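A.B. asks: So here's final19.txt (compact mmCIF, C-alpha atoms and all ligand atoms).
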# COMPACT_ATOMS: atom_id res chain seq x y z
CA MET A 1 -7.11 -138.93 -57.04
CA GLU A 2 -8.38 -135.37 -56.93
CA ASN A 3 -8.39 -135.72 -53.19
CA SER A 4 -4.71 -136.57 -52.79
CA LYS A 5 -3.89 -133.16 -54.27
CA ASN A 6 -5.32 -131.48 -51.20
CA LYS A 7 -3.57 -133.51 -48.55
CA VAL A 8 -0.09 -133.46 -47.12
CA ILE A 9 1.81 -136.52 -48.37
CA ARG A 10 3.40 -138.31 -45.41
CA THR A 11 4.09 -141.94 -46.33
CA PRO A 12 5.86 -143.90 -49.09
CA ASN A 13 2.51 -145.38 -50.12
CA GLN A 14 1.08 -141.91 -50.61
CA LEU A 15 4.15 -140.99 -52.66
CA VAL A 16 3.44 -143.93 -54.95
CA ASP A 17 -0.26 -143.02 -55.20
CA ALA A 18 0.69 -139.44 -56.08
CA GLY A 19 2.93 -140.68 -58.88
CA LEU A 20 6.06 -139.22 -57.28
CA VAL A 21 7.93 -142.52 -56.91
CA SER A 22 7.56 -145.89 -58.53
CA ARG A 23 6.22 -148.90 -56.66
CA GLU A 24 9.53 -150.81 -57.02
CA ASN A 25 11.13 -148.31 -54.67
CA LEU A 26 8.54 -148.78 -51.96
CA GLU A 27 10.51 -151.17 -49.79
CA GLN A 28 13.61 -148.98 -49.71
CA LEU A 29 11.56 -145.88 -49.06
CA ASN A 30 9.86 -147.57 -46.15
CA ARG A 31 13.35 -147.94 -44.67
CA VAL A 32 14.06 -144.25 -45.31
CA ALA A 33 10.73 -143.35 -43.67
CA LYS A 34 11.78 -145.20 -40.49
CA GLU A 35 14.79 -142.89 -40.19
CA PHE A 36 13.55 -139.53 -41.43
CA SER A 37 10.16 -137.82 -41.55
CA ILE A 38 8.34 -137.16 -44.82
CA ALA A 39 5.91 -134.34 -45.61
CA ILE A 40 5.05 -132.65 -48.91
CA THR A 41 2.36 -129.98 -48.80
CA PRO A 42 -0.24 -129.67 -51.61
CA THR A 43 1.40 -126.40 -52.71
CA MET A 44 4.82 -128.03 -53.11
CA HIS A 45 3.25 -131.09 -54.77
CA SER A 46 1.56 -128.88 -57.33
CA LEU A 47 4.88 -127.27 -58.29
CA ILE A 48 6.59 -130.56 -59.14
CA ASP A 49 6.89 -131.31 -62.85
CA LYS A 50 6.03 -135.00 -63.00
CA SER A 51 7.17 -135.36 -66.59
CA ASP A 52 10.71 -134.63 -65.43
CA LEU A 53 10.87 -135.96 -61.88
CA ASP A 54 14.58 -136.77 -62.01
CA SER A 55 15.66 -133.20 -62.52
CA ASP A 56 12.84 -131.32 -60.83
CA PRO A 57 14.34 -128.99 -58.19
CA VAL A 58 11.27 -129.11 -55.96
CA ALA A 59 10.96 -132.90 -56.07
CA ALA A 60 14.67 -133.20 -55.23
CA GLN A 61 14.12 -131.28 -51.99
CA PHE A 62 11.10 -133.18 -50.68
CA VAL A 63 10.74 -136.61 -52.33
CA PRO A 64 12.82 -139.14 -50.33
CA THR A 65 15.34 -141.38 -52.07
CA ALA A 66 17.39 -144.45 -51.17
CA ALA A 67 20.54 -142.28 -51.21
CA GLU A 68 19.52 -141.11 -47.73
CA LEU A 69 20.41 -144.56 -46.42
CA GLN A 70 24.09 -143.99 -47.25
CA TRP A 71 25.78 -142.56 -44.21
CA PHE A 72 29.36 -141.32 -44.07
CA ASP A 73 31.74 -141.09 -41.11
CA GLU A 74 31.93 -137.32 -41.20
CA GLU A 75 28.14 -136.98 -40.98
CA ARG A 76 26.64 -136.27 -37.58
CA ASP A 77 23.36 -136.45 -35.68
CA ASP A 78 23.78 -132.83 -34.53
CA PRO A 79 25.88 -131.29 -37.32
CA ILE A 80 25.80 -127.70 -36.09
CA GLY A 81 26.12 -128.54 -32.41
CA ASP A 82 22.79 -127.21 -31.14
CA ASN A 83 22.92 -129.50 -28.13
CA VAL A 84 26.33 -128.20 -27.03
CA PHE A 85 24.93 -124.74 -26.30
CA SER A 86 21.52 -125.43 -24.80
CA PRO A 87 21.22 -123.95 -21.29
CA THR A 88 17.56 -124.96 -21.04
CA LEU A 89 15.18 -126.98 -23.24
CA GLY A 90 14.23 -125.06 -26.40
CA ILE A 91 17.07 -122.50 -26.19
CA VAL A 92 20.37 -122.54 -28.10
CA HIS A 93 22.68 -119.78 -26.85
CA ARG A 94 25.88 -119.88 -28.86
CA TYR A 95 26.52 -116.20 -29.65
CA PRO A 96 26.43 -113.58 -26.91
CA ASP A 97 23.67 -111.32 -28.21
CA ARG A 98 21.18 -113.76 -29.69
CA VAL A 99 19.47 -117.06 -28.95
CA LEU A 100 17.49 -119.58 -30.89
CA LEU A 101 14.09 -120.35 -29.41
CA LYS A 102 12.91 -123.70 -30.71
CA ALA A 103 9.30 -123.78 -29.60
CA LEU A 104 8.35 -126.79 -31.69
CA HIS A 105 10.01 -129.53 -33.68
CA ALA A 106 7.49 -130.04 -36.48
CA CYS A 107 7.64 -128.59 -40.00
CA PRO A 108 5.03 -128.27 -42.75
CA VAL A 109 7.43 -130.11 -45.09
CA TYR A 110 10.46 -132.26 -44.37
CA CYS A 111 13.47 -131.31 -46.48
CA ARG A 112 15.61 -134.29 -47.42
CA PHE A 113 18.82 -132.35 -46.62
CA CYS A 114 17.65 -130.96 -43.27
CA PHE A 115 20.44 -130.13 -40.83
CA ARG A 116 18.13 -130.89 -37.88
CA ARG A 117 16.69 -134.05 -39.37
CA GLU A 118 17.47 -136.05 -36.24
CA MET A 119 15.48 -133.61 -34.14
CA VAL A 120 12.51 -132.56 -36.27
CA GLY A 121 9.48 -134.69 -37.04
CA PRO A 122 5.87 -135.09 -36.12
CA GLY A 123 6.85 -137.01 -32.96
CA GLY A 124 8.37 -134.37 -30.69
CA GLU A 125 5.96 -131.60 -31.58
CA MET A 126 5.72 -128.79 -29.10
CA LEU A 127 7.69 -127.48 -26.15
CA SER A 128 5.45 -127.95 -23.09
CA ASP A 129 4.00 -124.79 -21.54
CA GLU A 130 6.34 -125.15 -18.54
CA ASP A 131 9.42 -125.61 -20.73
CA LEU A 132 8.39 -122.64 -22.87
CA GLN A 133 8.02 -120.49 -19.75
CA ARG A 134 11.46 -121.66 -18.55
CA ALA A 135 12.95 -120.76 -21.95
CA LEU A 136 11.36 -117.30 -21.80
CA ASP A 137 12.56 -116.91 -18.18
CA TYR A 138 16.10 -117.60 -19.40
CA ILE A 139 15.77 -114.85 -22.03
CA GLU A 140 14.39 -112.46 -19.41
CA ARG A 141 17.20 -112.95 -16.92
CA THR A 142 20.02 -112.95 -19.52
CA GLU A 143 20.47 -109.28 -20.28
CA GLN A 144 22.97 -109.66 -23.09
CA ILE A 145 20.28 -111.24 -25.29
CA TRP A 146 19.33 -108.59 -27.83
CA GLU A 147 17.69 -110.84 -30.43
CA VAL A 148 15.43 -113.88 -30.23
CA VAL A 149 15.41 -116.13 -33.30
CA LEU A 150 12.36 -118.39 -33.43
CA THR A 151 13.18 -121.49 -35.39
CA GLY A 152 12.42 -125.14 -35.06
CA GLY A 153 10.85 -126.86 -36.64
CA ASP A 154 8.93 -124.06 -38.27
CA PRO A 155 7.60 -121.47 -35.81
CA LEU A 156 4.93 -120.15 -38.20
CA ILE A 157 2.94 -123.38 -37.98
CA MET A 158 2.23 -122.69 -34.32
CA SER A 159 -1.28 -121.40 -33.67
CA PRO A 160 -1.65 -117.62 -33.79
CA ARG A 161 -2.68 -117.84 -30.13
CA ARG A 162 0.59 -119.44 -29.11
CA ILE A 163 2.66 -117.07 -31.24
CA SER A 164 0.81 -114.14 -29.77
CA ALA A 165 1.47 -115.42 -26.22
CA ILE A 166 5.21 -115.66 -26.94
CA MET A 167 5.25 -112.20 -28.52
CA SER A 168 3.42 -110.68 -25.53
CA ARG A 169 5.99 -112.08 -23.14
CA LEU A 170 8.93 -110.93 -25.32
CA ARG A 171 7.40 -107.45 -25.50
CA THR A 172 7.87 -107.07 -21.74
CA ILE A 173 11.59 -107.91 -21.90
CA LYS A 174 13.41 -104.60 -22.26
CA HIS A 175 16.77 -105.85 -23.52
CA VAL A 176 15.21 -107.73 -26.48
CA GLY A 177 15.35 -105.42 -29.51
CA VAL A 178 14.61 -107.77 -32.39
CA VAL A 179 12.51 -110.90 -32.86
CA ARG A 180 13.31 -113.00 -35.90
CA PHE A 181 11.37 -115.92 -37.42
CA HIS A 182 13.03 -118.51 -39.64
CA THR A 183 10.35 -120.15 -41.76
CA ARG A 184 9.39 -121.96 -44.91
CA VAL A 185 5.64 -121.35 -44.48
CA PRO A 186 5.19 -118.43 -46.95
CA VAL A 187 6.47 -120.73 -49.69
CA VAL A 188 5.25 -124.19 -48.72
CA LYS A 189 1.89 -123.24 -47.14
CA PRO A 190 1.20 -119.68 -48.27
CA ASP A 191 -2.48 -119.66 -47.22
CA ALA A 192 -1.37 -119.93 -43.60
CA ILE A 193 -0.08 -116.34 -43.81
CA ASP A 194 -3.49 -114.86 -43.03
CA ASP A 195 -4.66 -111.79 -41.12
CA GLU A 196 -4.80 -113.66 -37.83
CA LEU A 197 -1.19 -114.84 -38.09
CA ILE A 198 0.01 -111.44 -39.23
CA GLU A 199 -1.65 -109.79 -36.23
CA ALA A 200 -0.17 -112.39 -33.88
CA LEU A 201 3.33 -111.30 -34.93
CA ARG A 202 2.69 -107.68 -34.08
CA THR A 203 4.68 -106.15 -31.24
CA ASP A 204 6.55 -102.93 -30.63
CA LYS A 205 9.90 -104.62 -31.35
CA ALA A 206 11.30 -105.04 -34.86
CA VAL A 207 10.14 -108.37 -36.30
CA TYR A 208 12.12 -109.86 -39.18
CA ILE A 209 11.05 -112.87 -41.23
CA VAL A 210 13.77 -115.02 -42.79
CA LEU A 211 12.38 -117.17 -45.59
CA HIS A 212 14.06 -120.49 -46.28
CA THR A 213 13.88 -121.06 -50.05
CA ASN A 214 16.20 -122.83 -52.47
CA HIS A 215 14.87 -122.48 -56.01
CA ALA A 216 12.93 -119.90 -58.03
CA ASN A 217 10.31 -122.56 -58.85
CA GLU A 218 9.22 -122.42 -55.21
CA LEU A 219 8.12 -118.81 -55.62
CA SER A 220 4.58 -119.40 -56.83
CA THR A 221 2.04 -116.61 -57.25
CA ASP A 222 0.59 -117.57 -53.86
CA ALA A 223 4.02 -117.54 -52.22
CA LYS A 224 4.75 -114.09 -53.59
CA ALA A 225 1.40 -112.85 -52.33
CA ALA A 226 2.13 -114.27 -48.87
CA CYS A 227 5.49 -112.41 -48.76
CA LYS A 228 3.75 -109.24 -49.88
CA ARG A 229 1.22 -109.52 -47.05
CA LEU A 230 4.01 -109.87 -44.50
CA ILE A 231 6.16 -107.07 -45.88
CA ASP A 232 3.22 -104.69 -46.35
CA ALA A 233 2.27 -105.38 -42.73
CA GLY A 234 5.66 -104.03 -41.69
CA TYR A 235 7.86 -107.12 -41.33
CA PRO A 236 11.06 -106.89 -43.38
CA MET A 237 12.03 -110.15 -45.06
CA LEU A 238 15.40 -111.80 -45.70
CA SER A 239 16.10 -115.18 -47.23
CA GLN A 240 18.38 -118.09 -46.54
CA THR A 241 19.24 -120.74 -49.08
CA VAL A 242 21.13 -124.00 -48.80
CA LEU A 243 23.59 -124.74 -51.60
CA LEU A 244 22.30 -128.07 -52.94
CA GLU A 245 23.61 -130.33 -55.67
CA GLY A 246 20.71 -131.30 -57.93
CA VAL A 247 18.69 -128.23 -56.89
CA ASN A 248 20.56 -124.96 -57.17
CA ALA A 249 24.33 -125.55 -57.30
CA ASP A 250 24.92 -123.51 -60.44
CA PRO A 251 25.21 -119.77 -61.09
CA GLN A 252 22.10 -119.52 -63.26
CA ALA A 253 19.75 -121.17 -60.76
CA LEU A 254 21.02 -118.97 -57.94
CA THR A 255 20.90 -115.81 -60.06
CA ASP A 256 17.26 -116.55 -60.89
CA LEU A 257 16.40 -117.27 -57.27
CA PHE A 258 18.11 -114.18 -55.83
CA ARG A 259 16.67 -111.87 -58.49
CA ARG A 260 13.14 -113.20 -58.01
CA LEU A 261 13.55 -112.67 -54.26
CA ALA A 262 14.85 -109.10 -54.62
CA GLU A 263 11.91 -108.36 -56.94
CA ILE A 264 9.48 -109.23 -54.14
CA ARG A 265 11.49 -107.23 -51.56
CA VAL A 266 13.06 -110.26 -49.91
CA LYS A 267 16.79 -109.59 -49.39
CA PRO A 268 19.08 -112.64 -49.88
CA TYR A 269 20.88 -112.99 -46.54
CA TYR A 270 22.72 -116.31 -46.31
CA LEU A 271 23.76 -119.02 -48.73
CA HIS A 272 24.53 -121.95 -46.44
CA HIS A 273 27.06 -124.56 -47.33
CA GLY A 274 25.31 -127.93 -46.84
CA ASP A 275 25.69 -129.26 -43.29
CA LEU A 276 27.10 -132.70 -42.51
CA ALA A 277 23.71 -134.19 -41.70
CA LYS A 278 23.24 -137.95 -41.96
CA GLY A 279 22.37 -139.31 -45.37
CA THR A 280 22.77 -136.01 -47.24
CA GLN A 281 26.07 -136.42 -49.10
CA HIS A 282 24.31 -136.51 -52.47
CA PHE A 283 23.21 -132.91 -51.85
CA ARG A 284 26.59 -131.51 -50.88
CA THR A 285 29.01 -129.63 -53.10
CA SER A 286 32.64 -128.94 -52.23
CA ILE A 287 33.44 -125.60 -50.60
CA SER A 288 35.66 -124.71 -53.56
CA ARG A 289 32.74 -125.25 -55.94
CA GLY A 290 30.60 -123.01 -53.72
CA GLN A 291 33.27 -120.30 -53.81
CA GLU A 292 33.48 -120.57 -57.57
CA ILE A 293 29.71 -120.09 -57.87
CA MET A 294 29.76 -117.07 -55.54
CA ARG A 295 32.65 -115.60 -57.52
CA SER A 296 30.66 -115.87 -60.71
CA LEU A 297 27.73 -113.98 -59.18
CA ARG A 298 29.89 -111.07 -58.05
CA GLY A 299 29.90 -108.33 -60.65
CA ASP A 300 27.44 -110.02 -62.99
CA VAL A 301 24.54 -109.77 -60.57
CA SER A 302 23.34 -106.77 -58.55
CA GLY A 303 24.78 -106.37 -55.09
CA ILE A 304 21.35 -106.49 -53.48
CA CYS A 305 21.02 -110.05 -54.81
CA GLN A 306 24.23 -111.25 -53.10
CA PRO A 307 23.92 -113.33 -49.94
CA LEU A 308 26.85 -114.14 -47.70
CA TYR A 309 28.18 -117.67 -48.28
CA VAL A 310 28.54 -119.28 -44.84
CA LEU A 311 29.48 -122.54 -43.18
CA ASP A 312 28.22 -123.62 -39.80
CA ILE A 313 31.42 -125.14 -38.43
CA PRO A 314 30.64 -128.66 -37.19
CA GLY A 315 30.45 -129.10 -33.43
CA GLY A 316 28.81 -125.77 -32.63
CA LYS A 317 31.71 -123.47 -33.44
CA GLY A 318 29.39 -121.03 -35.22
CA LYS A 319 28.72 -119.68 -38.69
CA VAL A 320 31.51 -118.02 -40.66
CA PRO A 321 31.79 -116.54 -44.15
CA ILE A 322 33.78 -118.92 -46.35
CA GLY A 323 34.66 -116.80 -49.28
CA PRO A 324 35.62 -116.45 -52.00
CA ASN A 325 38.61 -114.36 -51.00
CA TYR A 326 39.68 -111.31 -53.02
CA VAL A 327 42.48 -109.98 -50.83
CA GLU A 328 46.07 -111.07 -50.41
CA ASN A 329 47.83 -109.40 -47.55
CA PHE A 330 51.62 -108.84 -47.42
CA ASP A 331 53.69 -107.94 -44.36
CA SER A 332 54.98 -104.84 -46.07
CA GLY A 333 51.51 -103.32 -45.79
CA ALA A 334 50.77 -103.93 -49.46
CA TYR A 335 47.78 -105.86 -50.67
CA VAL A 336 46.92 -107.57 -53.90
CA ILE A 337 43.21 -107.31 -54.64
CA GLU A 338 41.47 -109.39 -57.25
CA ASP A 339 38.59 -107.82 -59.18
CA TYR A 340 35.43 -109.66 -60.14
CA GLN A 341 36.91 -110.61 -63.51
CA GLY A 342 39.94 -112.25 -61.92
CA ASN A 343 42.48 -109.50 -62.64
CA LYS A 344 44.87 -108.64 -59.81
CA HIS A 345 45.67 -105.13 -58.63
CA GLU A 346 48.16 -103.85 -56.14
CA TYR A 347 46.71 -101.71 -53.38
CA ARG A 348 48.91 -99.57 -51.17
CA ASP A 349 48.21 -97.04 -48.47
CA SER A 350 50.85 -95.61 -46.15
CA VAL A 351 48.47 -95.80 -43.17
CA ASN A 352 49.88 -98.46 -40.86
CA ASN A 353 47.43 -99.43 -38.14
CA LYS A 354 48.05 -103.13 -37.74
CA SER A 355 45.16 -104.65 -35.88
CA ILE A 356 47.19 -107.12 -33.83
C1 LIG A 401 22.48 -119.31 -37.13
C2 LIG A 401 22.37 -119.10 -35.69
C3 LIG A 401 22.04 -117.85 -35.16
C4 LIG A 401 21.77 -116.65 -36.02
O1 LIG A 401 22.96 -116.23 -36.59
P1 LIG A 401 23.02 -114.92 -37.51
O2 LIG A 401 24.41 -114.95 -38.05
O3 LIG A 401 22.75 -113.76 -36.62
O4 LIG A 401 21.97 -115.08 -38.55
C5 LIG A 401 21.98 -117.72 -33.80
N1 LIG A 401 22.23 -118.76 -32.98
C6 LIG A 401 22.56 -119.96 -33.47
C7 LIG A 401 22.84 -121.06 -32.50
C8 LIG A 401 22.63 -120.18 -34.83
O5 LIG A 401 22.92 -121.40 -35.30
S1 LIG A 402 11.87 -126.66 -42.82
FE1 LIG A 402 13.95 -126.40 -41.93
S2 LIG A 402 13.90 -127.57 -40.00
FE2 LIG A 402 12.13 -128.24 -41.25
S3 LIG A 402 12.83 -130.01 -42.42
FE3 LIG A 402 13.21 -128.22 -43.74
S4 LIG A 402 15.33 -127.60 -43.28
FE4 LIG A 402 14.65 -128.95 -41.61
Would you write the structure of this file as structure tokens?

C.D. replies:
Amino acid sequence: MENSKNKVIRTPNQLVDAGLVSRENLEQLNRVAKEFSIAITPTMHSLIDKSDLDSDPVAAQFVPTAAELQWFDEERDDPIGDNVFSPTLGIVHRYPDRVLLKALHACPVYCRFCFRREMVGPGGEMLSDEDLQRALDYIERTEQIWEVVLTGGDPLIMSPRRISAIMSRLRTIKHVGVVRFHTRVPVVKPDAIDDELIEALRTDKAVYIVLHTNHANELSTDAKAACKRLIDAGYPMLSQTVLLEGVNADPQALTDLFRRLAEIRVKPYYLHHGDLAKGTQHFRTSISRGQEIMRSLRGDVSGICQPLYVLDIPGGKGKVPIGPNYVENFDSGAYVIEDYQGNKHEYRDSVNNKSI
């Protein structure tokens, strides 16, 4: 049994052996496993409180359940429309000044709510060398690209050699000013953030690391140390969080998470409304509930702990802030502004530069 603690859990049988699900659920979970990949790293496994599996926020994110077999009409294979804006394999170019570079499709863990769950998994691992070169060629010849966002899959599980090769090529492209990595590795596999990886990221461009994390329990001592190594090496860190029923959809859980992040110099960047990915309805909250939670953070919690609450509009229409809204706008040029306690105030200024 000692052994199973050091291995990545990848099958329903291993989940049973690890005591994370009961044997009666095996048959259903085998059906889930046919649809969606499973992986729980030893670090994440060790953070799960087995005496309270039903309400453990880490278990809820990684341990599969039969609820994933319930699919709803509004759910999609490609909820954020990546495929609509892909000029060449591995690139998503939706906004003028930045592209996603998806160099691999594997992750160290598989989140049960993943918005790319139809695309990620241990099957379609790596972009071939030729496809990667074609993707980098596209970035080179498209001068409006100012930022390259490496995502996936999780780009920080690529070998330092491969990361370093990508960084060397990006370094030669003048119009690229920023390289950004979206990753879960510092939290789910903190030991992987070693000197070799940190050196592989080095370039003369600004490199930002955006950590995907959803609950304060994920921020183990090792995870904090991994973030410290990255930040001390000169890579600023931001975070993105998905609003998840059963994990963090309440003001206290999010306050804890955002404060713990700010304390380790990771700036909360986005709170994502849950995407319409297949079999994830049990994780979604309504937008109005999300707005209510954000409203309760404003004022009570430091501004540096406040992320922007965003929705990726289905079909590839892009991310937009979805509130809450504090401003009512009248034709007369007057405004009514609501403060963080819900009181309304008139705001008037005789300046009259209508924007349209
Ligand atoms: C989320 C996303 C980005 C990055 O958007 P930011 O708002 O700059 O964080 C870029 N391209 C695509 C296709 C995206 O989905
Ligand atoms: S790490 Fe990201 S891409 Fe991978 S399974 Fe989780 S949400 Fe999906």

A.B. asks: Please indicate the distance in Å from atom CA of Phe283 of chain A to atom CA of Asn25 of chain A, rounded to one decimal place.

C.D. replies: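 Atom CA of Asn25 of chain A lies at a distance of 19.8 Å from atom CA of Phe283 of chain A.
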
A.B. asks: How many Å lie between atom CA of Phe330 of chain A and atom CA of Glu292 of chain A, rounded to one decimal?

C.D. replies: 23.9 Å

A.B. asks: Please compute the atom CA of Glu346 of chain A-atom CA of Ile304 of chain A distance, one decimal, in Å.

C.D. replies: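 About the pair atom CA of Glu346 of chain A and atom CA of Ile304 of chain A: they are 27.1 Å apart.
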
A.B. asks: Tell me which protein, DNA and RNA residues are within 7 Å of Val266 of chain A, counting only C-alpha atoms, leaving out same-chain ones fewer than 5 positions away, and put them as a list in words.

C.D. replies: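 These residues fall inside the cut-off: Met237, Leu238, Ser239 and Leu261 of chain A.
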
A.B. asks: Between A:Pro12, A:Arg295, A:Leu311, A:His273, which is the closest to Asn325 of chain A once you count only C-alpha atoms?

C.D. replies: A:Arg295

A.B. asks: When you look at His345 of chain A with a cut-off of 12 Å (counting only C-alpha atoms), what residues show up, excluding the ones that are within fewer than 2 positions of it in the same chain? I need them as an MDAnalysis selection string.

C.D. replies: chainID A and resid 326:328 334:343 347:348

A.B. asks: For Lys319 of chain A, which residue out of A:Ile80, A:Ala277, A:Ile264, A:Val16 is the nearest one, using all atoms listed in the file?

C.D. replies: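 With all atoms listed in the file as the atom set, the closest residue is A:Ile80.
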
A.B. asks: Can you pull out the residues contacting Arg202 of chain A? Cut-off 9 Å, using only C-alpha atoms, and skip same-chain residues under 3 positions away; I want them as a list of chain:residue names.

C.D. replies: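 Those residues are A:Ser164, A:Met167, A:Ile198, A:Glu199, A:Lys205, A:Val207, A:Ala233, A:Gly234, A:Tyr235.
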
A.B. asks: Dump the neighbourhood of ligand LIG 402 (chain A) as a PyMOL selection string: all residues within 8 Å, distances computed on all atoms listed in the file.

C.D. replies: chain A and resi 105-117+120-121+151-154+183-184+212

A.B. asks: Around ligand LIG 401 (chain A), which protein and nucleic acid residues have at least one atom no more than 8 Å from it, if we count all atoms listed in the file? List them as a PyMOL selection string.

C.D. replies: chain A and resi 80+82+85+92-95+98-100+149+270+312+316+318-319

A.B. asks: Suppose we keep C-alpha atoms; can you now write the selection as a PDB file, in the coordinates of the input?

C.D. replies:
ATOM      1  CA  ILE A  80      25.800-127.700 -36.090  1.00  0.00           C
ATOM      2  CA  ASP A  82      22.790-127.210 -31.140  1.00  0.00           C
ATOM      3  CA  PHE A  85      24.930-124.740 -26.300  1.00  0.00           C
ATOM      4  CA  VAL A  92      20.370-122.540 -28.100  1.00  0.00           C
ATOM      5  CA  HIS A  93      22.680-119.780 -26.850  1.00  0.00           C
ATOM      6  CA  ARG A  94      25.880-119.880 -28.860  1.00  0.00           C
ATOM      7  CA  TYR A  95      26.520-116.200 -29.650  1.00  0.00           C
ATOM      8  CA  ARG A  98      21.180-113.760 -29.690  1.00  0.00           C
ATOM      9  CA  VAL A  99      19.470-117.060 -28.950  1.00  0.00           C
ATOM     10  CA  LEU A 100      17.490-119.580 -30.890  1.00  0.00           C
ATOM     11  CA  VAL A 149      15.410-116.130 -33.300  1.00  0.00           C
ATOM     12  CA  TYR A 270      22.720-116.310 -46.310  1.00  0.00           C
ATOM     13  CA  ASP A 312      28.220-123.620 -39.800  1.00  0.00           C
ATOM     14  CA  GLY A 316      28.810-125.770 -32.630  1.00  0.00           C
ATOM     15  CA  GLY A 318      29.390-121.030 -35.220  1.00  0.00           C
ATOM     16  CA  LYS A 319      28.720-119.680 -38.690  1.00  0.00           C
TER      17      LYS A 319
END

A.B. asks: Would you list the contacts of Asp194 of chain A as a ChimeraX atom specification, taking every protein, DNA or RNA residue within 10 Å and counting only C-alpha atoms, but skipping same-chain residues closer than 5 positions in sequence?

C.D. replies: /A:160,199,226,229-230

A.B. asks: Tell me, as JSON, numbers by chain, which residues lie within 9 Å of segment 62-75 of chain A, counting all atoms listed in the file; anything in the same chain fewer than 4 positions away does not count.

C.D. replies: {"A": [12, 15, 20, 21, 25, 28, 29, 31, 32, 33, 35, 36, 38, 39, 40, 44, 58, 79, 109, 110, 111, 112, 113, 275, 276, 277, 278, 279, 280, 281, 282]}

A.B. asks: Could you check which of A:Lys189, A:Arg141, A:Lys34, A:Lys317 is closest to Lys174 of chain A, using all atoms listed in the file?

C.D. replies: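 The closest residue to Lys174 of chain A is A:Arg141.
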
A.B. asks: (0.9, -121.2, -37.5) in this file's frame - what residues fall within 10 Å of it? Use all atoms listed in the file and give the answer as a list in words.

C.D. replies: Pro108, Asp154, Pro155, Leu156, Ile157, Met158, Ser159, Pro160, Arg161, Arg162, Ile163, Val185, Lys189, Ala192, Ile193, Asp194, Glu196, Leu197, Ile198 and Ala200 of chain A

A.B. asks: Within 7 Å of (14.1, -113.0, -34.3) in the file's own coordinates, which protein, DNA or RNA residues have an atom, counting all atoms listed in the file? List them as JSON, numbers by chain.

C.D. replies: {"A": [147, 148, 149, 150, 178, 179, 180, 181, 207, 208]}
